[in-house]
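Notes follow once the structure below has been shown.
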Amino acid sequence: MGSTSPTSGHALNSAQRDAVEHGEGPLLVLAGAGSGKTRVVTHRIARLVERGIPPQAIVALTFTNKAAGEMCDRVGQMLPGRGDARGNREIVVRTFHSFGLMVLTREREALGGAFTIFDQGDQTALIKQLLRDVGADRAYDAQAILSRISNAKTSLTDDMDSFPLHAGDEYDAMTAQILPRYRAALQQYRAFDFDDLVCEVVRLWQRDSRALVRWQERFLYVLVDEYQDTNHVQLELLRLLGGRHNNVCAVGDDDQSIYGWRGADVRNILEFERHFPGAQVVKLEQNYRSLSPILAVANAVIAKRPDAKWRKVLFTERSGGEAVRVAVAASPEIESAWVARQIRNLVRNDGYKPRDIAVLFRSNAQSRLFEQELREQGVDHRVFGGTQFFERKEIKDVLAYLKLALNPSDEISLRRILNYPPRGIGDTSLERLVLHAAQRRWSLWQTVERVDALDDIARAARDGCRALTAIVTAARDSLLNHKRPASEVAREICERVGLERDLRANAPTGDAGAKRWANVEWVLSVLARREKRNLPNEGHGAQPGLAAFLQALTLDLGDSEVETADAVTLSTLHASKGLEFAVVFLVGCEEGYLPHARTLDARATDMTECSGDIEEERRLFYVGVTRARERLVLSRAKARVLRGKTVPRTPSRFLMDIPPELVTENEIFADAPMSPAESAAQAAAILELLSR
């Protein structure tokens, strides 16, 4: 038992060896769940180096910083001195967005100079501002507009002539109106959003053949992990980068393509041989994660997939394991109470640690009942995929000051801190500043700097503008002229604006205020440590180390603390991709939840985590099943209360695809009463949890 992956330590099997030993030309590795795909990628990199390929001629691309870091660590262990997970390496292992940033930074003169990266919060704020400008902020959801813009960009159809419009779709019509304003605003603010980090590289290479050849000659071998998650523009990037030498190795699993709602296209992997002619295809079907009863259920569900080009049947040499359980509860309250008690017993009686166990569900809203029941059972738990550390307000406020000091054109950062902490610049004053900026063709920052030339700005707001200008100008001068380290400049900004005082004064409790300020202190210490490491500059000009630091945070430098917590994980199925647990409870296996009710509703305006593809929902169910190593429980409720009425629930069609002989089913009408000893133990656990 425990959390160590069974994949570690095994020798390459014959299929893995075929992939690792492949020579020249394109290669597609169809890696089933738990089949050791990361091991194949890292061993292939090491094998290329052993054959004499210069390490700096190899690039590996993936989708998350965690996956890139793991790959770096493994390559570093196999090739001592060749690399690590910190960026000082000859072999380039990056996310697509980080790779795009690297290219754009090196080619930035062709793009007009320095730029800022807008994270999702910045993008949403900009869309809301643009909706206000056209008087539509209350009628439209900014995220739905942003999702359409992102899909247009990643499909390379974001010019007005080719933007997809569906007749009668008011969100498409509004997006078509907002899109040119959004692009103009980014250009004005000298900013790129996440999609631009890949899209602008493709556009650069398409129009500048010399730039393309430079990168093609640098990277002779291209490897990409999780290939099933690529979208159209990422495919174009790979085709361009690998077009000269044709040494593109893609590793992925079409059975685990679950991100269609954000632009991923399963056809990229299904049509790999068309995009990269002459490709060799290798299937990895031996699973090193799950026991055979779990794989039998996974195989049964995915076998019903009608759009599969390559059929994979997972198998394992690990024997034993209990049958998958299907639990049917009378209500969601009984379902959650039963699951929580099962988890408590697994931890207390069966030797599992909380971190070995996960509760997976289709939608975030489903977590509330399970959180409540686990709390009552005294079981530590955490919701995976919640607010990231660097998305917390106090952190983003500090970063906004630093971004503004580096780039006064960054209007989103300026708007964020213009009156925070409060300095007398209210909404009315902001509207007047924006109006003056438009009339005089000044940027908003120029308007703040020149506030004394304006007549209708209140005295308090005028004083606030002067104070902000003095703080940001002094910080910018220190950064431009290298007078002091960026960490000292950042600390002085916090002191001059009174950030600590504001955080402590406006927190609901003293402890909350202290914690928020501690978060700020931690960021300042990270910046200071980065300076002491003397990492090579990733940019040019004033404080390139600070610019690289801010860019790294924008590219989702995650909260590592959450990974090490000894707590039961509660997660959506989408967020669980790439994770594994000894025990998995896949809950809410009902029509309307899994598959989701909006899956087939083409009229839905908010398609977040909904692809409109019933087979993608099947693949999502498959992903949930294959997260389990030792035990799997599938649960559902027979009825739920919706709008005050008790409504019967239909079992998920994916449950119905599982042959009855592969599962054991039990019905739960009410939770059994606890013995006095169990009640006392539960009370003690709750007291211990509350005292922490």
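Naming works like this for the structure tokens: A, B, ... for the chains as they're shown, residue 1 at the start of each chain, ligands 1 onward in shown order.
When DSSP reads the backbone of this structure, the residues of region 207-238 of chain A it assigns to strand (DSSP E or B) are Tyr221, Val222, Leu223 and Val224 of chain A.
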Restricting the output to C-alpha atoms, write the selected residues as a PDB file, in the first residue's frame.
ATOM      1  CA  TYR A 221      14.148  16.038 -32.314  1.00  0.00           C
ATOM      2  CA  VAL A 222      10.745  17.069 -30.969  1.00  0.00           C
ATOM      3  CA  LEU A 223       8.857  15.051 -28.355  1.00  0.00           C
ATOM      4  CA  VAL A 224       5.380  15.891 -27.090  1.00  0.00           C
TER       5      VAL A 224
END
*Using only C-alpha atoms, which residues sit within 8 Å of region 456-460 of chain A once same-chain residues fewer than 6 positions away are excluded, as an NGL selection string?*
:A and (423-425 or 429 or 432-433)
*Tell me, as a PyMOL selection string, which residues lie within 12 Å of Asp397 (chain A), counting only C-alpha atoms; anything in the same chain fewer than 5 positions away does not count.*
chain A and resi 121-122+390-392+402-404+412-421+490+493-494+497+499-500+503+516-517+519-520+523
*asked:* For the alpha helix (DSSP H) assignment from backbone DSSP, which residues of region 440-630 of chain A qualify? Please present them as number ranges by chain.
replied: A: 440, 444-449, 459-480, 486-497, 499-505, 510-533, 544-554, 561-564, 573-576, 614-625
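Taking CA of Val297 (chain A) and CA of Ala264 (chain A) as the two end points, the separation is 26.0 Å.
Proximity ranking of A:Arg355, A:Ala597, A:Gly321, A:Ala461 relative to Val383 (chain A) places A:Arg355 first, based on only C-alpha atoms.
Nearest to Glu411 (chain A) of all the residues A:Glu200, A:Gly320, A:Thr42, A:Tyr189 is A:Tyr189, counting only C-alpha atoms.
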*Which residue out of A:Leu570, A:Ala67, A:Leu594, A:Val281 has the minimum interatomic distance to Ala15 (chain A) when only C-alpha atoms are used?*
A:Val281
_Shell of 8 Å around Asp119 (chain A), only C-alpha atoms, local chain residues under 4 positions omitted, as a ChimeraX atom specification_ = /A:123,193-194,554-555
*Can you tell me, as number ranges by chain, what residues are no more than 10 Å from Arg203 (chain A) when counting only C-alpha atoms, ignoring any on the same chain fewer than 4 positions away?*
A: 156, 196, 198-199, 207-208, 233, 236-237
Put those residues in a file: N, CA and C atoms, as a JSON list (two decimals), in the first residue's frame.
[["chain", "number", "residue", "atom", "x", "y", "z"],
["A", 156, "LEU", "N", -6.96, 29.46, -35.00],
["A", 156, "LEU", "CA", -6.39, 30.41, -35.96],
["A", 156, "LEU", "C", -7.47, 31.04, -36.83],
["A", 196, "ASP", "N", -1.84, 33.61, -27.00],
["A", 196, "ASP", "CA", -0.87, 34.29, -27.86],
["A", 196, "ASP", "C", 0.52, 33.67, -27.76],
["A", 198, "VAL", "N", 1.43, 30.77, -27.90],
["A", 198, "VAL", "CA", 1.61, 29.77, -28.95],
["A", 198, "VAL", "C", 1.20, 30.34, -30.31],
["A", 199, "CYS", "N", 0.07, 31.05, -30.34],
["A", 199, "CYS", "CA", -0.43, 31.57, -31.63],
["A", 199, "CYS", "C", 0.56, 32.52, -32.29],
["A", 207, "ARG", "N", 5.23, 33.76, -41.23],
["A", 207, "ARG", "CA", 5.57, 34.93, -42.05],
["A", 207, "ARG", "C", 7.08, 35.16, -42.17],
["A", 208, "ASP", "N", 7.87, 34.54, -41.31],
["A", 208, "ASP", "CA", 9.32, 34.77, -41.31],
["A", 208, "ASP", "C", 10.05, 33.44, -41.42],
["A", 233, "VAL", "N", -3.69, 25.01, -33.04],
["A", 233, "VAL", "CA", -2.49, 25.84, -33.15],
["A", 233, "VAL", "C", -1.26, 25.11, -32.61],
["A", 236, "GLU", "N", -0.11, 22.94, -35.37],
["A", 236, "GLU", "CA", 0.62, 23.71, -36.37],
["A", 236, "GLU", "C", 2.03, 24.03, -35.90],
["A", 237, "LEU", "N", 2.19, 24.34, -34.61],
["A", 237, "LEU", "CA", 3.53, 24.60, -34.08],
["A", 237, "LEU", "C", 4.42, 23.38, -34.26]]
*Determine, counting only C-alpha atoms, which protein, DNA and RNA residues have an atom within 9 Å of an atom of region 48-59 of chain A; residues of the same chain fewer than 2 positions away are not included. Present the result as a PyMOL selection string.*
chain A and resi 20-21+23+43-46+61+79+82+89-94+217-224
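Using only C-alpha atoms, the smallest distance between any of A:Ala185, A:Ala548, A:Cys72, A:Ala358 and Ala125 (chain A) comes from A:Ala185.
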9 Å contact set for Phe96 (chain A), only C-alpha atoms, chain neighbours under 6 positions out, as a PDB file with C-alpha atoms, in the first residue's frame:
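See part03.pdb below for the written result:
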ATOM      1  CA  LEU A  61       6.792  19.662 -24.733  1.00  0.00           C
ATOM      2  CA  THR A  62       3.980  18.944 -22.306  1.00  0.00           C
ATOM      3  CA  PHE A  63       1.028  20.715 -20.707  1.00  0.00           C
ATOM      4  CA  THR A  64       1.745  21.280 -17.008  1.00  0.00           C
ATOM      5  CA  LEU A 197       2.184  32.540 -26.413  1.00  0.00           C
ATOM      6  CA  VAL A 198       1.610  29.768 -28.954  1.00  0.00           C
ATOM      7  CA  GLN A 234      -0.303  23.473 -31.112  1.00  0.00           C
TER       8      GLN A 234
END
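From CA of Ala467 (chain A) back to CA of Lys483 (chain A), the distance works out to 21.1 Å.
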